[in-house]
file coords_34.cif (mmCIF, C-alpha atoms)
data_entry
loop_
_atom_site.group_PDB
_atom_site.id
_atom_site.type_symbol
_atom_site.label_atom_id
_atom_site.label_comp_id
_atom_site.auth_asym_id
_atom_site.auth_seq_id
_atom_site.Cartn_x
_atom_site.Cartn_y
_atom_site.Cartn_z
ATOM 1 C CA MET A 1 1.336 -14.349 -16.797
ATOM 2 C CA ASN A 2 3.712 -12.063 -14.905
ATOM 3 C CA LYS A 3 1.780 -9.871 -12.461
ATOM 4 C CA VAL A 4 2.761 -8.737 -8.974
ATOM 5 C CA ILE A 5 0.575 -6.951 -6.423
ATOM 6 C CA LEU A 6 2.344 -5.534 -3.367
ATOM 7 C CA MET A 7 1.468 -3.313 -0.452
ATOM 8 C CA GLY A 8 4.210 -2.158 1.883
ATOM 9 C CA ARG A 9 6.128 0.745 3.324
ATOM 10 C CA LEU A 10 8.904 2.615 1.543
ATOM 11 C CA THR A 11 12.279 1.951 3.175
ATOM 12 C CA ARG A 12 13.746 5.127 1.654
ATOM 13 C CA ASP A 13 12.738 8.047 -0.545
ATOM 14 C CA PRO A 14 12.699 7.156 -4.262
ATOM 15 C CA GLU A 15 16.013 7.771 -6.037
ATOM 16 C CA VAL A 16 15.821 9.346 -9.471
ATOM 17 C CA ARG A 17 18.230 8.918 -12.354
ATOM 18 C CA TYR A 18 18.043 9.372 -16.116
ATOM 19 C CA THR A 19 19.061 6.871 -18.783
ATOM 20 C CA GLN A 20 22.117 7.755 -20.862
ATOM 21 C CA THR A 21 20.625 6.845 -24.216
ATOM 22 C CA ASN A 22 17.379 8.829 -24.278
ATOM 23 C CA ASN A 23 17.323 10.706 -20.942
ATOM 24 C CA THR A 24 14.299 8.763 -19.607
ATOM 25 C CA LEU A 25 13.497 9.231 -15.918
ATOM 26 C CA VAL A 26 13.777 6.122 -13.705
ATOM 27 C CA ALA A 27 12.764 6.153 -10.026
ATOM 28 C CA SER A 28 13.839 3.284 -7.793
ATOM 29 C CA PHE A 29 12.807 2.490 -4.245
ATOM 30 C CA SER A 30 12.371 -0.447 -1.926
ATOM 31 C CA LEU A 31 9.211 -1.692 -0.208
ATOM 32 C CA ALA A 32 9.131 -3.552 3.101
ATOM 33 C CA VAL A 33 6.274 -6.032 2.636
ATOM 34 C CA ASN A 34 5.154 -7.896 5.751
ATOM 35 C CA ARG A 35 4.816 -11.642 5.445
ATOM 36 C CA ARG A 36 1.323 -12.931 5.984
ATOM 37 C CA PHE A 37 1.969 -15.317 8.866
ATOM 38 C CA VAL A 38 3.908 -14.957 12.110
ATOM 39 C CA ARG A 39 5.244 -17.972 13.971
ATOM 40 C CA GLN A 40 4.245 -18.028 17.596
ATOM 41 C CA GLY A 41 6.838 -16.314 19.755
ATOM 42 C CA GLU A 42 8.630 -14.753 16.772
ATOM 43 C CA GLU A 43 8.645 -11.262 15.374
ATOM 44 C CA ARG A 44 6.842 -10.531 12.094
ATOM 45 C CA GLN A 45 9.108 -10.993 9.067
ATOM 46 C CA ALA A 46 9.208 -8.677 6.064
ATOM 47 C CA ASP A 47 10.577 -8.984 2.557
ATOM 48 C CA PHE A 48 12.402 -6.023 1.035
ATOM 49 C CA ILE A 49 11.493 -5.733 -2.609
ATOM 50 C CA ASN A 50 13.159 -3.409 -5.122
ATOM 51 C CA ILE A 51 10.810 -1.407 -7.335
ATOM 52 C CA VAL A 52 11.566 0.615 -10.481
ATOM 53 C CA ALA A 53 9.150 3.063 -12.060
ATOM 54 C CA TRP A 54 9.754 4.603 -15.477
ATOM 55 C CA SER A 55 8.811 7.945 -17.077
ATOM 56 C CA LYS A 56 5.559 9.496 -15.781
ATOM 57 C CA GLN A 57 5.088 6.728 -13.192
ATOM 58 C CA GLY A 58 8.603 7.372 -11.907
ATOM 59 C CA GLU A 59 8.039 11.111 -11.853
ATOM 60 C CA PHE A 60 4.893 10.619 -9.756
ATOM 61 C CA CYS A 61 6.724 8.327 -7.304
ATOM 62 C CA SER A 62 9.659 10.695 -6.917
ATOM 63 C CA LYS A 63 7.366 13.639 -6.293
ATOM 64 C CA TYR A 64 4.813 12.122 -3.889
ATOM 65 C CA PHE A 65 6.284 8.984 -2.265
ATOM 66 C CA LYS A 66 8.349 9.369 0.914
ATOM 67 C CA LYS A 67 10.165 7.024 3.286
ATOM 68 C CA GLY A 68 7.774 5.246 5.689
ATOM 69 C CA GLN A 69 4.685 5.797 3.547
ATOM 70 C CA GLN A 70 2.468 2.793 2.818
ATOM 71 C CA VAL A 71 1.878 2.333 -0.903
ATOM 72 C CA GLY A 72 0.455 -0.211 -3.301
ATOM 73 C CA VAL A 73 2.281 -1.307 -6.435
ATOM 74 C CA ILE A 74 0.999 -3.404 -9.313
ATOM 75 C CA GLY A 75 3.585 -4.463 -11.846
ATOM 76 C CA ARG A 76 5.707 -7.280 -13.215
ATOM 77 C CA ILE A 77 8.878 -9.065 -12.104
ATOM 78 C CA GLN A 78 11.973 -8.401 -14.183
ATOM 79 C CA THR A 79 15.394 -10.010 -13.937
ATOM 80 C CA ARG A 80 18.566 -8.642 -15.421
ATOM 81 C CA SER A 81 22.309 -9.252 -15.289
ATOM 82 C CA TRP A 82 25.470 -7.315 -16.044
ATOM 83 C CA ASP A 83 29.243 -7.612 -15.768
ATOM 84 C CA ASP A 84 31.142 -5.110 -13.628
ATOM 85 C CA ASP A 85 34.563 -3.620 -14.391
ATOM 86 C CA GLN A 86 36.311 -6.642 -12.834
ATOM 87 C CA GLY A 87 34.348 -9.090 -14.992
ATOM 88 C CA GLN A 88 32.101 -10.248 -12.134
ATOM 89 C CA LYS A 89 28.552 -11.121 -13.176
ATOM 90 C CA HIS A 90 25.771 -9.503 -11.124
ATOM 91 C CA TYR A 91 22.064 -10.332 -11.088
ATOM 92 C CA ALA A 92 19.061 -8.247 -10.046
ATOM 93 C CA THR A 93 15.408 -9.090 -9.626
ATOM 94 C CA GLU A 94 12.999 -6.189 -9.293
ATOM 95 C CA VAL A 95 9.388 -5.225 -9.835
ATOM 96 C CA VAL A 96 8.642 -2.813 -12.669
ATOM 97 C CA ALA A 97 5.760 -0.638 -11.457
ATOM 98 C CA GLU A 98 2.862 -0.347 -13.876
ATOM 99 C CA GLU A 99 0.391 1.143 -11.365
ATOM 100 C CA VAL A 100 1.122 2.846 -8.037
ATOM 101 C CA TYR A 101 -1.277 3.911 -5.279
ATOM 102 C CA PHE A 102 -1.289 5.625 -1.923
ATOM 103 C CA ALA A 103 -2.323 3.062 0.694
ATOM 104 C CA ASP A 104 -2.389 5.369 3.758
ATOM 105 C CA SER A 105 -5.167 7.805 4.477
ATOM 106 C CA LYS A 106 -3.945 11.277 5.339
ATOM 107 C CA LYS A 107 -5.513 11.113 8.810
ATOM 108 C CA ASP A 108 -4.882 7.737 10.408
ATOM 109 C CA GLY A 109 -2.779 5.584 8.098
ATOM 110 C CA ALA A 110 -5.688 3.301 7.149
ATOM 111 C CA PRO A 111 -5.557 1.750 3.659
ATOM 112 C CA SER A 112 -7.098 3.872 0.946
ATOM 113 C CA GLU A 113 -10.259 2.601 -0.692
ATOM 114 C CA ASN A 114 -8.785 3.033 -4.178
ATOM 115 C CA PHE A 115 -6.017 0.481 -3.624
ATOM 116 C CA GLU A 116 -8.229 -1.847 -1.575
ATOM 117 C CA ASN A 117 -10.820 -1.948 -4.375
ATOM 118 C CA THR A 118 -8.176 -2.535 -7.040
ATOM 119 C CA PHE A 119 -6.339 -5.092 -4.930
ATOM 120 C CA GLY A 120 -9.553 -6.974 -4.085
ATOM 121 C CA ASN A 121 -10.693 -7.017 -7.711
ATOM 122 C CA GLU A 122 -7.286 -8.231 -8.938
ATOM 123 C CA ILE A 123 -7.240 -11.091 -6.446
ATOM 124 C CA ALA A 124 -10.840 -12.060 -7.156
ATOM 125 C CA GLY A 125 -10.132 -12.085 -10.891
ATOM 126 C CA ALA A 126 -6.929 -14.077 -10.477
ATOM 127 C CA ASN A 127 -8.618 -16.687 -8.298
ATOM 128 C CA SER A 128 -11.507 -17.181 -10.696
ATOM 129 C CA GLU A 129 -9.115 -17.771 -13.617
ATOM 130 C CA PHE A 130 -7.577 -20.806 -11.931
ATOM 131 C CA GLU A 131 -10.608 -22.519 -10.439
ATOM 132 C CA MET A 132 -11.119 -26.027 -11.794
ATOM 133 C CA SER A 133 -13.901 -28.455 -11.142
ATOM 134 C CA SER A 134 -13.015 -31.997 -10.147
ATOM 135 C CA THR A 135 -14.247 -33.221 -13.550
ATOM 136 C CA ASP A 136 -11.755 -31.135 -15.564
ATOM 137 C CA ASP A 137 -8.971 -33.094 -17.219
ATOM 138 C CA LEU A 138 -5.530 -32.062 -16.116
ATOM 139 C CA PRO A 139 -2.913 -31.685 -18.864
ATOM 140 C CA PHE A 140 -0.216 -33.501 -16.845
#
call {"tool": "encode", "arguments": {"input": "coords_34.cif", "output": "structure tokens"}}
result
Amino acid sequence: MNKVILMGRLTRDPEVRYTQTNNTLVASFSLAVNRRFVRQGEERQADFINIVAWSKQGEFCSKYFKKGQQVGVIGRIQTRSWDDDQGQKHYATEVVAEEVYFADSKKDGAPSENFENTFGNEIAGANSEFEMSSTDDLPF
């Protein structure tokens, strides 16, 4: 299973481009996602995760998402590689957005209920899939 659930703030406005082959819209942006725990005496750490959204999803992101906004993204991790003009191999890991949500309320920046409900249900479902009783036989 390849499923990612993220909530973070956009580090920049989404950038839009179109594919050469069939002129499909692709929006790309980066989310700053705070790490869950903070070591005592240290500043909170964040991970910066690249997101790509295709077609209608990308159009929505480019139209409504702005730098600094808190959003939720549900998608999948994708890796890819390519060779540049000098023959150097490059690698990229990114999240392909399948669902996107506003996570700020318009008034006070509190998380929206829509994403919280989806996020909570996804986590609850994921946890229940992997629960095992102590009597289950392990395959390894």
call {"tool": "resolve_selection", "arguments": {"input": "coords_34.cif", "expression": "the PyMOL selection byres ((chain A and resi 32) around 9)", "output": "ChimeraX atom specification"}}
result
/A:7-11,30-31,33-34,46-49
call {"tool": "closest_residue", "arguments": {"input": "coords_34.cif", "among": "A:Ser81, A:Phe29, A:Ser62, A:Met1", "to": "Val95 of chain A", "atoms": "only C-alpha atoms"}}
result
A:Phe29
call {"tool": "residues_around", "arguments": {"input": "coords_34.cif", "residues": "Ile74 of chain A", "least_positions_apart": "5", "cutoff": "9 Å", "atoms": "all atoms listed in the file", "output": "ChimeraX atom specification"}}
result
/A:3-7,95-101,119
call {"tool": "residues_around", "arguments": {"input": "coords_34.cif", "residues": "Ser55 of chain A", "least_positions_apart": "2", "cutoff": "12 Å", "atoms": "all atoms listed in the file", "output": "list in words"}}
result
Val16, Arg17, Tyr18, Thr19, Asn22, Asn23, Thr24, Leu25, Val26, Ala27, Ser28, Val52, Ala53, Gln57, Gly58, Glu59, Phe60, Cys61, Ser62, Val96, Ala97 and Glu98 of chain A
call {"tool": "write_last_selection", "arguments": {"input": "coords_34.cif", "atoms": "C-alpha atoms", "output": "CSV table (one decimal), in the coordinates of the input"}}
result
chain,number,residue,atom,x,y,z
A,16,VAL,CA,15.8,9.3,-9.5
A,17,ARG,CA,18.2,8.9,-12.4
A,18,TYR,CA,18.0,9.4,-16.1
A,19,THR,CA,19.1,6.9,-18.8
A,22,ASN,CA,17.4,8.8,-24.3
A,23,ASN,CA,17.3,10.7,-20.9
A,24,THR,CA,14.3,8.8,-19.6
A,25,LEU,CA,13.5,9.2,-15.9
A,26,VAL,CA,13.8,6.1,-13.7
A,27,ALA,CA,12.8,6.2,-10.0
A,28,SER,CA,13.8,3.3,-7.8
A,52,VAL,CA,11.6,0.6,-10.5
A,53,ALA,CA,9.2,3.1,-12.1
A,57,GLN,CA,5.1,6.7,-13.2
A,58,GLY,CA,8.6,7.4,-11.9
A,59,GLU,CA,8.0,11.1,-11.9
A,60,PHE,CA,4.9,10.6,-9.8
A,61,CYS,CA,6.7,8.3,-7.3
A,62,SER,CA,9.7,10.7,-6.9
A,96,VAL,CA,8.6,-2.8,-12.7
A,97,ALA,CA,5.8,-0.6,-11.5
A,98,GLU,CA,2.9,-0.3,-13.9
call {"tool": "closest_residue", "arguments": {"input": "coords_34.cif", "among": "A:Thr93, A:Asn50, A:Lys63, A:Val38", "to": "Arg80 of chain A", "atoms": "all atoms listed in the file"}}
result
A:Thr93
call {"tool": "atom_distance", "arguments": {"input": "coords_34.cif", "atom1": "atom CA of Ile51 of chain A", "atom2": "atom CA of Asp104 of chain A"}}
result
18.5 Å
call {"tool": "atom_distance", "arguments": {"input": "coords_34.cif", "atom1": "atom CA of Phe37 of chain A", "atom2": "atom CA of Gln78 of chain A"}}
result
26.1 Å
call {"tool": "atom_distance", "arguments": {"input": "coords_34.cif", "atom1": "atom CA of Glu15 of chain A", "atom2": "atom CA of Ser105 of chain A"}}
result
23.6 Å
call {"tool": "closest_residue", "arguments": {"input": "coords_34.cif", "among": "A:Lys67, A:Gln20, A:Ala103, A:Thr79", "to": "Tyr91 of chain A", "atoms": "all atoms listed in the file"}}
result
A:Thr79
call {"tool": "axis_aligned_box", "arguments": {"input": "coords_34.cif", "around": "segment 2-13 of chain A", "padding_each_side": "4 Å", "output": "AutoDock Vina command-line options"}}
result
--center_x 7.2 --center_y -2.0 --center_z -5.8 --size_x 21.2 --size_y 28.1 --size_z 26.2
call {"tool": "closest_residue", "arguments": {"input": "coords_34.cif", "among": "A:Arg36, A:Glu94, A:Arg44, A:Lys89", "to": "Arg76 of chain A", "atoms": "all atoms listed in the file"}}
result
A:Glu94
call {"tool": "build_atoms", "arguments": {"input": "coords_34.cif", "residues": "segment 8-32 of chain A", "atoms": "N, CA and C atoms", "output": "short mmCIF file (atom, residue, chain, number, x, y, z; two decimals), keeping the file's coordinate frame"}}
result
data_model
loop_
_atom_site.label_atom_id
_atom_site.label_comp_id
_atom_site.auth_asym_id
_atom_site.auth_seq_id
_atom_site.Cartn_x
_atom_site.Cartn_y
_atom_site.Cartn_z
N GLY A 8 3.19 -2.23 0.84
CA GLY A 8 4.21 -2.16 1.88
C GLY A 8 4.62 -0.72 2.13
N ARG A 9 5.63 -0.59 2.97
CA ARG A 9 6.13 0.74 3.32
C ARG A 9 7.47 1.00 2.64
N LEU A 10 7.65 2.24 2.18
CA LEU A 10 8.90 2.62 1.54
C LEU A 10 10.02 2.61 2.58
N THR A 11 11.15 1.99 2.26
CA THR A 11 12.28 1.95 3.18
C THR A 11 13.18 3.18 3.01
N ARG A 12 12.98 3.91 1.93
CA ARG A 12 13.75 5.13 1.65
C ARG A 12 12.99 5.95 0.62
N ASP A 13 13.33 7.22 0.50
CA ASP A 13 12.74 8.05 -0.55
C ASP A 13 13.16 7.49 -1.91
N PRO A 14 12.30 7.61 -2.92
CA PRO A 14 12.70 7.16 -4.26
C PRO A 14 13.94 7.91 -4.76
N GLU A 15 14.83 7.17 -5.41
CA GLU A 15 16.01 7.77 -6.04
C GLU A 15 15.74 7.92 -7.52
N VAL A 16 16.09 9.06 -8.06
CA VAL A 16 15.82 9.35 -9.47
C VAL A 16 17.13 9.39 -10.24
N ARG A 17 17.11 8.80 -11.42
CA ARG A 17 18.23 8.92 -12.35
C ARG A 17 17.63 9.00 -13.76
N TYR A 18 18.48 9.28 -14.73
CA TYR A 18 18.04 9.37 -16.12
C TYR A 18 18.91 8.44 -16.95
N THR A 19 18.30 7.76 -17.92
CA THR A 19 19.06 6.87 -18.78
C THR A 19 20.01 7.68 -19.66
N GLN A 20 21.13 7.06 -20.03
CA GLN A 20 22.12 7.76 -20.86
C GLN A 20 21.66 7.88 -22.31
N THR A 21 20.95 6.87 -22.80
CA THR A 21 20.62 6.84 -24.22
C THR A 21 19.55 7.86 -24.61
N ASN A 22 18.44 7.90 -23.85
CA ASN A 22 17.38 8.83 -24.28
C ASN A 22 16.86 9.70 -23.14
N ASN A 23 17.64 9.80 -22.04
CA ASN A 23 17.32 10.71 -20.94
C ASN A 23 15.95 10.43 -20.31
N THR A 24 15.57 9.16 -20.20
CA THR A 24 14.30 8.76 -19.61
C THR A 24 14.44 8.68 -18.09
N LEU A 25 13.48 9.25 -17.37
CA LEU A 25 13.50 9.23 -15.92
C LEU A 25 13.20 7.83 -15.39
N VAL A 26 13.99 7.40 -14.39
CA VAL A 26 13.78 6.12 -13.70
C VAL A 26 13.85 6.39 -12.21
N ALA A 27 12.78 6.03 -11.49
CA ALA A 27 12.76 6.15 -10.03
C ALA A 27 12.87 4.75 -9.45
N SER A 28 13.71 4.59 -8.44
CA SER A 28 13.84 3.28 -7.79
C SER A 28 13.67 3.47 -6.29
N PHE A 29 13.02 2.48 -5.68
CA PHE A 29 12.81 2.49 -4.24
C PHE A 29 12.59 1.06 -3.79
N SER A 30 12.55 0.88 -2.50
CA SER A 30 12.37 -0.45 -1.93
C SER A 30 11.15 -0.44 -1.02
N LEU A 31 10.38 -1.53 -1.07
CA LEU A 31 9.21 -1.69 -0.21
C LEU A 31 9.49 -2.78 0.81
N ALA A 32 9.13 -2.52 2.06
CA ALA A 32 9.13 -3.55 3.10
C ALA A 32 7.72 -4.12 3.13
#
